[in-house]
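Heads up, protein_2.cif below (mmCIF, C-alpha atoms):
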```cif
data_final
loop_
_atom_site.label_atom_id
_atom_site.label_comp_id
_atom_site.auth_asym_id
_atom_site.auth_seq_id
_atom_site.Cartn_x
_atom_site.Cartn_y
_atom_site.Cartn_z
CA MET Z 192 88.81 115.31 98.75
CA LYS Z 193 91.00 112.70 97.06
CA LEU Z 194 92.55 110.21 99.47
CA ILE Z 195 95.73 108.26 98.65
CA LEU Z 196 97.27 105.37 100.55
CA ALA Z 197 101.02 105.35 99.88
CA SER Z 198 101.42 101.64 100.58
CA HIS Z 199 101.59 98.21 98.93
CA SER Z 200 99.99 96.61 102.00
CA GLN Z 201 96.83 94.61 101.34
CA GLY Z 202 96.09 94.66 105.07
CA ARG Z 203 96.17 98.46 105.31
CA ALA Z 204 94.02 98.79 102.22
CA ALA Z 205 91.51 96.28 103.62
CA LEU Z 206 91.22 98.25 106.87
CA LEU Z 207 90.49 101.53 105.06
CA LYS Z 208 88.06 99.87 102.65
CA ALA Z 209 86.17 98.13 105.47
CA ALA Z 210 85.76 101.52 107.17
CA GLY Z 211 84.13 102.93 104.03
CA TYR Z 212 86.96 105.10 102.76
CA VAL Z 213 87.34 105.55 99.02
CA PHE Z 214 90.99 105.88 98.10
CA GLU Z 215 93.66 105.23 95.52
CA ARG Z 216 96.80 103.22 96.23
CA VAL Z 217 100.07 104.79 95.11
CA PRO Z 218 102.99 102.98 96.79
CA SER Z 219 105.97 105.17 97.55
CA ASN Z 220 108.51 102.44 96.64
CA LEU Z 221 111.02 104.02 99.03
CA ASP Z 222 113.91 101.98 100.35
CA GLU Z 223 113.42 101.22 104.03
CA PRO Z 224 116.80 101.60 105.75
CA ASP Z 225 117.61 99.99 109.06
CA PRO Z 226 117.38 102.40 111.99
CA PRO Z 227 120.65 104.19 112.78
CA LYS Z 228 122.34 102.91 115.91
CA GLY Z 229 120.87 104.49 119.04
CA THR Z 230 117.62 105.53 117.32
CA HIS Z 231 114.44 104.90 119.28
CA LEU Z 232 112.69 102.23 117.18
CA GLU Z 233 109.24 103.85 117.33
CA ASP Z 234 110.76 107.14 116.15
CA HIS Z 235 112.23 105.28 113.18
CA VAL Z 236 108.83 103.81 112.30
CA GLU Z 237 107.22 107.26 112.41
CA GLN Z 238 110.00 108.75 110.27
CA LEU Z 239 109.53 106.05 107.62
CA ALA Z 240 105.78 106.65 107.55
CA GLU Z 241 106.38 110.35 106.99
CA ALA Z 242 109.00 109.75 104.28
CA LYS Z 243 106.57 107.50 102.38
CA ALA Z 244 103.75 110.02 102.65
CA ALA Z 245 106.02 112.90 101.58
CA ALA Z 246 107.28 111.03 98.50
CA VAL Z 247 103.75 110.51 97.21
CA ALA Z 248 102.40 113.90 98.37
CA LYS Z 249 104.90 115.61 96.04
CA LEU Z 250 103.14 113.93 93.12
CA TYR Z 251 99.61 114.67 94.36
CA PRO Z 252 99.59 118.15 95.96
CA GLN Z 253 95.77 118.36 96.08
CA ALA Z 254 95.24 114.99 97.79
CA VAL Z 255 95.23 113.79 101.37
CA VAL Z 256 98.08 111.26 101.50
CA ILE Z 257 98.59 108.52 104.10
CA GLY Z 258 102.02 106.98 104.57
CA ALA Z 259 102.46 104.08 106.98
CA ASP Z 260 105.08 101.81 108.45
CA THR Z 261 104.95 98.89 110.87
CA ALA Z 262 107.69 97.22 112.87
CA LEU Z 263 107.67 93.92 114.71
CA ILE Z 264 110.02 94.46 117.64
CA LEU Z 265 111.51 91.72 119.79
CA GLY Z 266 113.61 93.20 122.58
CA ARG Z 267 115.70 95.91 120.89
CA ASN Z 268 115.55 94.43 117.40
CA ILE Z 269 113.19 94.91 114.48
CA LEU Z 270 112.38 91.61 112.79
CA GLY Z 271 111.87 91.91 109.04
CA LYS Z 272 110.68 89.38 106.51
CA PRO Z 273 112.45 86.02 106.47
CA ILE Z 274 114.80 85.30 103.59
CA ASN Z 275 113.75 81.64 103.21
CA LEU Z 276 111.69 78.94 104.94
CA ALA Z 277 114.52 77.97 107.29
CA ASP Z 278 114.79 81.60 108.39
CA ALA Z 279 111.00 81.73 108.87
CA THR Z 280 111.15 78.65 111.10
CA ARG Z 281 114.00 80.21 113.10
CA MET Z 282 112.04 83.45 113.56
CA LEU Z 283 108.90 81.66 114.72
CA MET Z 284 110.96 79.57 117.14
CA SER Z 285 112.41 82.77 118.62
CA LEU Z 286 108.95 84.36 118.93
CA GLY Z 287 107.17 81.29 120.34
CA GLY Z 288 106.05 81.66 123.94
CA ARG Z 289 107.34 85.24 124.11
CA THR Z 290 105.61 88.58 123.86
CA HIS Z 291 106.78 91.04 121.22
CA ARG Z 292 105.47 94.44 120.26
CA ILE Z 293 104.15 95.69 116.95
CA SER Z 294 104.26 99.43 116.38
CA SER Z 295 102.35 100.93 113.48
CA ALA Z 296 102.77 104.55 112.48
CA ALA Z 297 100.88 106.67 110.00
CA CYS Z 298 101.60 110.10 108.61
CA VAL Z 299 98.87 112.11 106.92
CA ILE Z 300 99.76 115.05 104.69
CA PHE Z 301 96.90 117.40 103.88
CA PRO Z 302 96.70 119.80 100.91
CA ALA Z 303 97.79 123.39 101.48
CA SER Z 304 95.04 125.76 102.52
CA GLY Z 305 94.91 129.48 103.14
CA PRO Z 306 97.48 132.07 102.15
CA SER Z 307 100.46 130.27 103.75
CA LYS Z 308 100.36 127.43 101.19
CA HIS Z 309 101.96 125.12 103.76
CA ARG Z 310 100.78 121.54 103.86
CA LYS Z 311 99.72 120.19 107.23
CA THR Z 312 101.50 117.01 108.35
CA VAL Z 313 100.23 114.85 111.22
CA ARG Z 314 102.07 111.79 112.57
CA MET Z 315 100.68 109.14 114.88
CA ILE Z 316 101.75 105.78 116.27
CA ASP Z 317 100.22 102.95 118.27
CA THR Z 318 101.69 99.79 119.78
CA ALA Z 319 100.16 96.38 120.47
CA TRP Z 320 101.70 93.36 122.18
CA VAL Z 321 101.43 89.88 120.68
CA THR Z 322 102.28 86.50 122.17
CA LEU Z 323 102.74 83.53 119.85
CA ARG Z 324 102.19 79.91 120.79
CA ARG Z 325 105.28 77.83 121.43
CA TRP Z 326 105.37 75.03 118.87
CA PRO Z 327 108.01 72.34 118.34
CA GLN Z 328 110.45 73.01 115.53
CA GLU Z 329 109.13 70.20 113.31
CA ARG Z 330 105.57 71.50 113.58
CA LEU Z 331 106.77 74.99 112.64
CA ARG Z 332 108.65 73.56 109.64
CA ARG Z 333 105.41 71.98 108.40
CA HIS Z 334 103.53 75.21 109.13
CA VAL Z 335 105.85 77.46 107.10
CA ARG Z 336 105.58 75.12 104.10
CA LEU Z 337 101.78 75.61 104.13
CA THR Z 338 101.68 79.38 104.65
CA ARG Z 339 103.27 82.51 103.13
CA PRO Z 340 105.87 83.38 105.76
CA LEU Z 341 108.21 85.14 103.32
CA ALA Z 342 105.61 87.88 102.78
CA TRP Z 343 105.36 88.88 106.44
CA ALA Z 344 107.66 90.49 109.00
CA GLY Z 345 108.30 87.95 111.72
CA SER Z 346 106.99 85.19 109.39
CA TYR Z 347 103.32 85.52 110.35
CA ALA Z 348 100.30 87.77 109.85
CA VAL Z 349 97.16 87.92 111.96
CA GLN Z 350 95.00 88.67 108.90
CA ASP Z 351 95.97 85.35 107.26
CA PRO Z 352 93.86 82.59 108.91
CA ARG Z 353 96.55 79.96 108.25
CA SER Z 354 99.08 82.12 110.02
CA ALA Z 355 96.81 83.50 112.76
CA VAL Z 356 96.65 80.07 114.44
CA LEU Z 357 100.10 80.87 115.84
CA VAL Z 358 98.73 83.78 117.88
CA GLU Z 359 98.01 83.04 121.52
CA ARG Z 360 96.91 86.53 122.54
CA ILE Z 361 96.94 90.18 121.51
CA HIS Z 362 96.96 93.08 123.93
CA GLY Z 363 96.03 96.17 121.98
CA ASP Z 364 94.27 97.08 118.76
CA LEU Z 365 94.13 94.40 116.05
CA ALA Z 366 94.34 97.12 113.38
CA THR Z 367 97.70 98.18 114.81
CA VAL Z 368 98.96 94.62 114.39
CA ILE Z 369 97.70 94.58 110.79
CA GLY Z 370 99.45 97.85 109.97
CA LEU Z 371 97.61 101.08 110.89
CA PRO Z 372 97.00 103.04 114.10
CA PHE Z 373 93.42 103.03 112.91
CA ARG Z 374 91.53 104.66 115.78
CA GLN Z 375 93.74 107.77 115.64
CA LEU Z 376 93.77 107.79 111.84
CA ASP Z 377 89.98 107.46 111.56
CA ARG Z 378 89.39 110.40 113.92
CA LEU Z 379 91.75 112.54 111.84
CA LEU Z 380 90.39 111.57 108.41
CA LYS Z 381 86.64 111.69 109.05
CA PRO Z 382 86.23 115.48 108.71
CA TRP Z 383 88.12 115.41 105.40
CA CYS Z 384 87.27 112.12 103.74
CA GLY Z 385 84.69 110.33 105.92
#
```

Is it possible to express this structure as structure tokens?
Amino acid sequence: MKLILASHSQGRAALLKAAGYVFERVPSNLDEPDPPKGTHLEDHVEQLAEAKAAAVAKLYPQAVVIGADTALILGRNILGKPINLADATRMLMSLGGRTHRISSAACVIFPASGPSKHRKTVRMIDTAWVTLRRWPQERLRRHVRLTRPLAWAGSYAVQDPRSAVLVERIHGDLATVIGLPFRQLDRLLKPWCG
């Protein structure tokens, strides 16, 4: 059964590859709108994962398609990617010494089977909590000049060793922090693609 990951994420691809899955990457290239006011943030993450999977599943009706989305949430706000190095420093200052949550959702759309011709869609989500070290502003300024903070939500990524030094502790699954609710996803995929 052909497996497709509807994502640009190197981290998500690395997780699937390390687990032995053979897949093709076909990013959905969907715009990712901010959540509407009053929306539960985890619901928004799941909805985006499903929208990405659905966009690619239309093009590949005989494949198993995985869409995914991840949000770094501080309080009631989703932190995206910084716009410049000053913004990255500001984000890391706000995260330092505090615990935030990272919610990763996946949506898997399976090919139609049987006479109904309806495709089966399964959504899942997992959350981990991350605490970053509190560093002085000048040290963070030096840090962001040496790393790739503009590529990551919240200005850091645990899978980048230069960036991971900021992490004091993680409560939850590392794969969730990287970008997939992997334990749930692996259980679901194994019978089809394992």

Among listed residues Z:Pro382, Z:Leu323, Z:Leu276, Z:Pro372, nearest Z:Ala355 (using only C-alpha atoms):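 Using only C-alpha atoms, Z:Ala355 sits closest to Z:Leu323.
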
field: Picked residues, the PyMOL selection byres ((chain Z and resi 345) around 12), as a PyMOL selection string
entry: chain Z and resi 261-265+268-276+278-287+291-293+321+323+335+339-344+346-349+354+357+368

message: So that I can see what lies close to Z:Leu380, please list as an MDAnalysis selection string the residues with an atom at most 12 Å from it, counting all atoms listed in the file and leaving out residues fewer than 6 positions away in the same chain.
response: chainID Z and resid 192:195 207 210:214 255:257 297:301 313 373:374

Could you save those same residues with C-alpha atoms as an mmCIF file, in the coordinates of the input?
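This went into selection.cif:
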```
data_model
loop_
_atom_site.group_PDB
_atom_site.id
_atom_site.type_symbol
_atom_site.label_atom_id
_atom_site.label_comp_id
_atom_site.auth_asym_id
_atom_site.auth_seq_id
_atom_site.Cartn_x
_atom_site.Cartn_y
_atom_site.Cartn_z
ATOM 1 C CA MET Z 192 88.810 115.310 98.750
ATOM 2 C CA LYS Z 193 91.000 112.700 97.060
ATOM 3 C CA LEU Z 194 92.550 110.210 99.470
ATOM 4 C CA ILE Z 195 95.730 108.260 98.650
ATOM 5 C CA LEU Z 207 90.490 101.530 105.060
ATOM 6 C CA ALA Z 210 85.760 101.520 107.170
ATOM 7 C CA GLY Z 211 84.130 102.930 104.030
ATOM 8 C CA TYR Z 212 86.960 105.100 102.760
ATOM 9 C CA VAL Z 213 87.340 105.550 99.020
ATOM 10 C CA PHE Z 214 90.990 105.880 98.100
ATOM 11 C CA VAL Z 255 95.230 113.790 101.370
ATOM 12 C CA VAL Z 256 98.080 111.260 101.500
ATOM 13 C CA ILE Z 257 98.590 108.520 104.100
ATOM 14 C CA ALA Z 297 100.880 106.670 110.000
ATOM 15 C CA CYS Z 298 101.600 110.100 108.610
ATOM 16 C CA VAL Z 299 98.870 112.110 106.920
ATOM 17 C CA ILE Z 300 99.760 115.050 104.690
ATOM 18 C CA PHE Z 301 96.900 117.400 103.880
ATOM 19 C CA VAL Z 313 100.230 114.850 111.220
ATOM 20 C CA PHE Z 373 93.420 103.030 112.910
ATOM 21 C CA ARG Z 374 91.530 104.660 115.780
#
```

When you look at Z:Ser200 with a cut-off of 9 Å (counting all atoms listed in the file), what residues show up, excluding the ones that are within fewer than 5 positions of it in the same chain? I need them as a PDB file with C-alpha atoms, in the coordinates of the input.
```
ATOM      1  CA  ALA Z 205      91.510  96.280 103.620  1.00  0.00           C
ATOM      2  CA  PRO Z 218     102.990 102.980  96.790  1.00  0.00           C
ATOM      3  CA  GLY Z 370      99.450  97.850 109.970  1.00  0.00           C
TER       4      GLY Z 370
END
```

field: Given the PyMOL selection byres ((chain Z and resi 232) around 9), the residues it picks as a PyMOL selection string
entry: chain Z and resi 226+229-231+233-237+262+264+267-269+294

Can those selected residues be exported to a file as a compact mmCIF listing (two decimals), in the coordinates of the input so that it contains C-alpha atoms?
```txt
# COMPACT_ATOMS: atom_id res chain seq x y z
CA PRO Z 226 117.38 102.40 111.99
CA GLY Z 229 120.87 104.49 119.04
CA THR Z 230 117.62 105.53 117.32
CA HIS Z 231 114.44 104.90 119.28
CA GLU Z 233 109.24 103.85 117.33
CA ASP Z 234 110.76 107.14 116.15
CA HIS Z 235 112.23 105.28 113.18
CA VAL Z 236 108.83 103.81 112.30
CA GLU Z 237 107.22 107.26 112.41
CA ALA Z 262 107.69 97.22 112.87
CA ILE Z 264 110.02 94.46 117.64
CA ARG Z 267 115.70 95.91 120.89
CA ASN Z 268 115.55 94.43 117.40
CA ILE Z 269 113.19 94.91 114.48
CA SER Z 294 104.26 99.43 116.38
```

task: Kindly give the distance, in Å, that separates atom CA of Z:His362 and atom CA of Z:Leu206, rounded to a single decimal.
output: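 Between atom CA of Z:His362 and atom CA of Z:Leu206 the gap works out to 18.7 Å.
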
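The smallest atom-to-atom distance between Z:Pro302 and any of Z:Pro352, Z:Pro252, Z:Pro224, Z:Gly202, using all atoms listed in the file, is found for Z:Pro252.
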
Distance of atom CA of Z:Gly266 from atom CA of Z:Gln201, expressed in Å to one decimal place: 27.1 Å

Determine the residue membership of the PyMOL selection byres ((chain Z and resi 303) around 12) for the file above and supply it as a JSON list (two decimals) with C-alpha atoms, keeping the file's coordinate frame.
```json
[["chain", "number", "residue", "atom", "x", "y", "z"],
["Z", 248, "ALA", "CA", 102.40, 113.90, 98.37],
["Z", 249, "LYS", "CA", 104.90, 115.61, 96.04],
["Z", 251, "TYR", "CA", 99.61, 114.67, 94.36],
["Z", 252, "PRO", "CA", 99.59, 118.15, 95.96],
["Z", 253, "GLN", "CA", 95.77, 118.36, 96.08],
["Z", 254, "ALA", "CA", 95.24, 114.99, 97.79],
["Z", 255, "VAL", "CA", 95.23, 113.79, 101.37],
["Z", 300, "ILE", "CA", 99.76, 115.05, 104.69],
["Z", 301, "PHE", "CA", 96.90, 117.40, 103.88],
["Z", 302, "PRO", "CA", 96.70, 119.80, 100.91],
["Z", 304, "SER", "CA", 95.04, 125.76, 102.52],
["Z", 305, "GLY", "CA", 94.91, 129.48, 103.14],
["Z", 306, "PRO", "CA", 97.48, 132.07, 102.15],
["Z", 307, "SER", "CA", 100.46, 130.27, 103.75],
["Z", 308, "LYS", "CA", 100.36, 127.43, 101.19],
["Z", 309, "HIS", "CA", 101.96, 125.12, 103.76],
["Z", 310, "ARG", "CA", 100.78, 121.54, 103.86],
["Z", 311, "LYS", "CA", 99.72, 120.19, 107.23],
["Z", 312, "THR", "CA", 101.50, 117.01, 108.35]]
```

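The smallest atom-to-atom distance between Z:Ile361 and any of Z:Thr290, Z:Leu376, Z:Arg332, Z:Ala296, using all atoms listed in the file, is found for Z:Thr290.
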
Restricted to N, CA and C atoms, what does stretch 338-376 of chain Z look like when written out as an mmCIF file, in the first residue's frame?
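Result file result.cif:
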```
data_model
loop_
_atom_site.group_PDB
_atom_site.id
_atom_site.type_symbol
_atom_site.label_atom_id
_atom_site.label_comp_id
_atom_site.auth_asym_id
_atom_site.auth_seq_id
_atom_site.Cartn_x
_atom_site.Cartn_y
_atom_site.Cartn_z
ATOM 1 N N THR Z 338 22.299 29.593 15.196
ATOM 2 C CA THR Z 338 21.352 28.511 14.899
ATOM 3 C C THR Z 338 20.426 28.933 13.761
ATOM 4 N N ARG Z 339 19.341 28.156 13.558
ATOM 5 C CA ARG Z 339 18.384 28.456 12.487
ATOM 6 C C ARG Z 339 17.018 28.779 13.078
ATOM 7 N N PRO Z 340 16.915 29.787 13.926
ATOM 8 C CA PRO Z 340 15.653 30.001 14.637
ATOM 9 C C PRO Z 340 14.491 30.395 13.734
ATOM 10 N N LEU Z 341 14.768 30.923 12.549
ATOM 11 C CA LEU Z 341 13.673 31.370 11.677
ATOM 12 C C LEU Z 341 12.925 30.191 11.059
ATOM 13 N N ALA Z 342 13.512 29.001 11.134
ATOM 14 C CA ALA Z 342 12.891 27.813 10.544
ATOM 15 C C ALA Z 342 11.959 27.096 11.508
ATOM 16 N N TRP Z 343 11.934 27.526 12.792
ATOM 17 C CA TRP Z 343 11.223 26.749 13.796
ATOM 18 C C TRP Z 343 10.195 27.594 14.544
ATOM 19 N N ALA Z 344 9.039 27.018 14.791
ATOM 20 C CA ALA Z 344 8.058 27.666 15.676
ATOM 21 C C ALA Z 344 8.667 27.812 17.059
ATOM 22 N N GLY Z 345 8.520 28.980 17.639
ATOM 23 C CA GLY Z 345 9.093 29.227 18.954
ATOM 24 C C GLY Z 345 10.589 29.477 18.943
ATOM 25 N N SER Z 346 11.207 29.397 17.759
ATOM 26 C CA SER Z 346 12.633 29.713 17.559
ATOM 27 C C SER Z 346 13.591 28.621 18.014
ATOM 28 N N TYR Z 347 13.088 27.398 18.227
ATOM 29 C CA TYR Z 347 13.982 26.299 18.581
ATOM 30 C C TYR Z 347 13.401 24.986 18.076
ATOM 31 N N ALA Z 348 14.255 23.953 18.022
ATOM 32 C CA ALA Z 348 13.799 22.617 17.640
ATOM 33 C C ALA Z 348 14.638 21.585 18.382
ATOM 34 N N VAL Z 349 13.973 20.630 19.013
ATOM 35 C CA VAL Z 349 14.712 19.638 19.794
ATOM 36 C C VAL Z 349 15.576 18.738 18.918
ATOM 37 N N GLN Z 350 15.227 18.592 17.632
ATOM 38 C CA GLN Z 350 16.005 17.707 16.767
ATOM 39 C C GLN Z 350 17.273 18.363 16.217
ATOM 40 N N ASP Z 351 17.449 19.643 16.474
ATOM 41 C CA ASP Z 351 18.666 20.357 16.065
ATOM 42 C C ASP Z 351 19.567 20.470 17.299
ATOM 43 N N PRO Z 352 20.724 19.777 17.313
ATOM 44 C CA PRO Z 352 21.564 19.775 18.520
ATOM 45 C C PRO Z 352 21.958 21.172 18.998
ATOM 46 N N ARG Z 353 22.152 22.104 18.062
ATOM 47 C CA ARG Z 353 22.530 23.466 18.472
ATOM 48 C C ARG Z 353 21.390 24.150 19.203
ATOM 49 N N SER Z 354 20.192 23.782 18.845
ATOM 50 C CA SER Z 354 19.005 24.387 19.431
ATOM 51 C C SER Z 354 18.550 23.631 20.679
ATOM 52 N N ALA Z 355 18.775 22.321 20.705
ATOM 53 C CA ALA Z 355 18.307 21.480 21.810
ATOM 54 C C ALA Z 355 18.962 21.835 23.145
ATOM 55 N N VAL Z 356 20.092 22.524 23.114
ATOM 56 C CA VAL Z 356 20.753 22.907 24.372
ATOM 57 C C VAL Z 356 19.869 23.836 25.204
ATOM 58 N N LEU Z 357 18.887 24.459 24.577
ATOM 59 C CA LEU Z 357 17.972 25.329 25.306
ATOM 60 C C LEU Z 357 16.993 24.554 26.181
ATOM 61 N N VAL Z 358 16.788 23.280 25.875
ATOM 62 C CA VAL Z 358 15.737 22.501 26.533
ATOM 63 C C VAL Z 358 16.215 22.014 27.898
ATOM 64 N N GLU Z 359 15.446 22.371 28.915
ATOM 65 C CA GLU Z 359 15.753 21.906 30.271
ATOM 66 C C GLU Z 359 15.112 20.560 30.538
ATOM 67 N N ARG Z 360 13.829 20.409 30.163
ATOM 68 C CA ARG Z 360 13.180 19.108 30.350
ATOM 69 C C ARG Z 360 11.954 18.994 29.431
ATOM 70 N N ILE Z 361 11.625 17.733 29.156
ATOM 71 C CA ILE Z 361 10.446 17.403 28.352
ATOM 72 C C ILE Z 361 9.619 16.405 29.147
ATOM 73 N N HIS Z 362 8.342 16.689 29.259
ATOM 74 C CA HIS Z 362 7.416 15.735 29.869
ATOM 75 C C HIS Z 362 6.470 15.288 28.761
ATOM 76 N N GLY Z 363 6.673 14.059 28.299
ATOM 77 C CA GLY Z 363 5.868 13.566 27.193
ATOM 78 C C GLY Z 363 6.762 12.942 26.144
ATOM 79 N N ASP Z 364 6.183 12.629 25.009
ATOM 80 C CA ASP Z 364 6.868 11.909 23.939
ATOM 81 C C ASP Z 364 7.696 12.871 23.087
ATOM 82 N N LEU Z 365 8.967 12.560 22.917
ATOM 83 C CA LEU Z 365 9.851 13.394 22.093
ATOM 84 C C LEU Z 365 9.323 13.505 20.662
ATOM 85 N N ALA Z 366 8.761 12.427 20.129
ATOM 86 C CA ALA Z 366 8.226 12.462 18.763
ATOM 87 C C ALA Z 366 7.106 13.498 18.627
ATOM 88 N N THR Z 367 6.328 13.670 19.676
ATOM 89 C CA THR Z 367 5.269 14.689 19.664
ATOM 90 C C THR Z 367 5.881 16.073 19.529
ATOM 91 N N VAL Z 368 6.983 16.306 20.245
ATOM 92 C CA VAL Z 368 7.660 17.601 20.174
ATOM 93 C C VAL Z 368 8.228 17.824 18.770
ATOM 94 N N ILE Z 369 8.724 16.771 18.158
ATOM 95 C CA ILE Z 369 9.291 16.881 16.805
ATOM 96 C C ILE Z 369 8.193 17.102 15.758
ATOM 97 N N GLY Z 370 7.001 16.512 15.977
ATOM 98 C CA GLY Z 370 5.935 16.821 15.021
ATOM 99 C C GLY Z 370 4.930 15.746 14.681
ATOM 100 N N LEU Z 371 4.979 14.575 15.364
ATOM 101 C CA LEU Z 371 3.979 13.536 15.106
ATOM 102 C C LEU Z 371 3.555 12.870 16.407
ATOM 103 N N PRO Z 372 2.257 12.559 16.554
ATOM 104 C CA PRO Z 372 1.828 11.720 17.678
ATOM 105 C C PRO Z 372 2.181 10.265 17.332
ATOM 106 N N PHE Z 373 3.460 9.942 17.407
ATOM 107 C CA PHE Z 373 3.976 8.761 16.728
ATOM 108 C C PHE Z 373 3.442 7.446 17.278
ATOM 109 N N ARG Z 374 3.296 7.329 18.591
ATOM 110 C CA ARG Z 374 2.833 6.043 19.131
ATOM 111 C C ARG Z 374 1.461 5.684 18.578
ATOM 112 N N GLN Z 375 0.545 6.646 18.565
ATOM 113 C CA GLN Z 375 -0.795 6.391 18.020
ATOM 114 C C GLN Z 375 -0.723 6.111 16.521
ATOM 115 N N LEU Z 376 0.068 6.901 15.823
ATOM 116 C CA LEU Z 376 0.175 6.770 14.372
ATOM 117 C C LEU Z 376 0.762 5.415 13.980
#
```
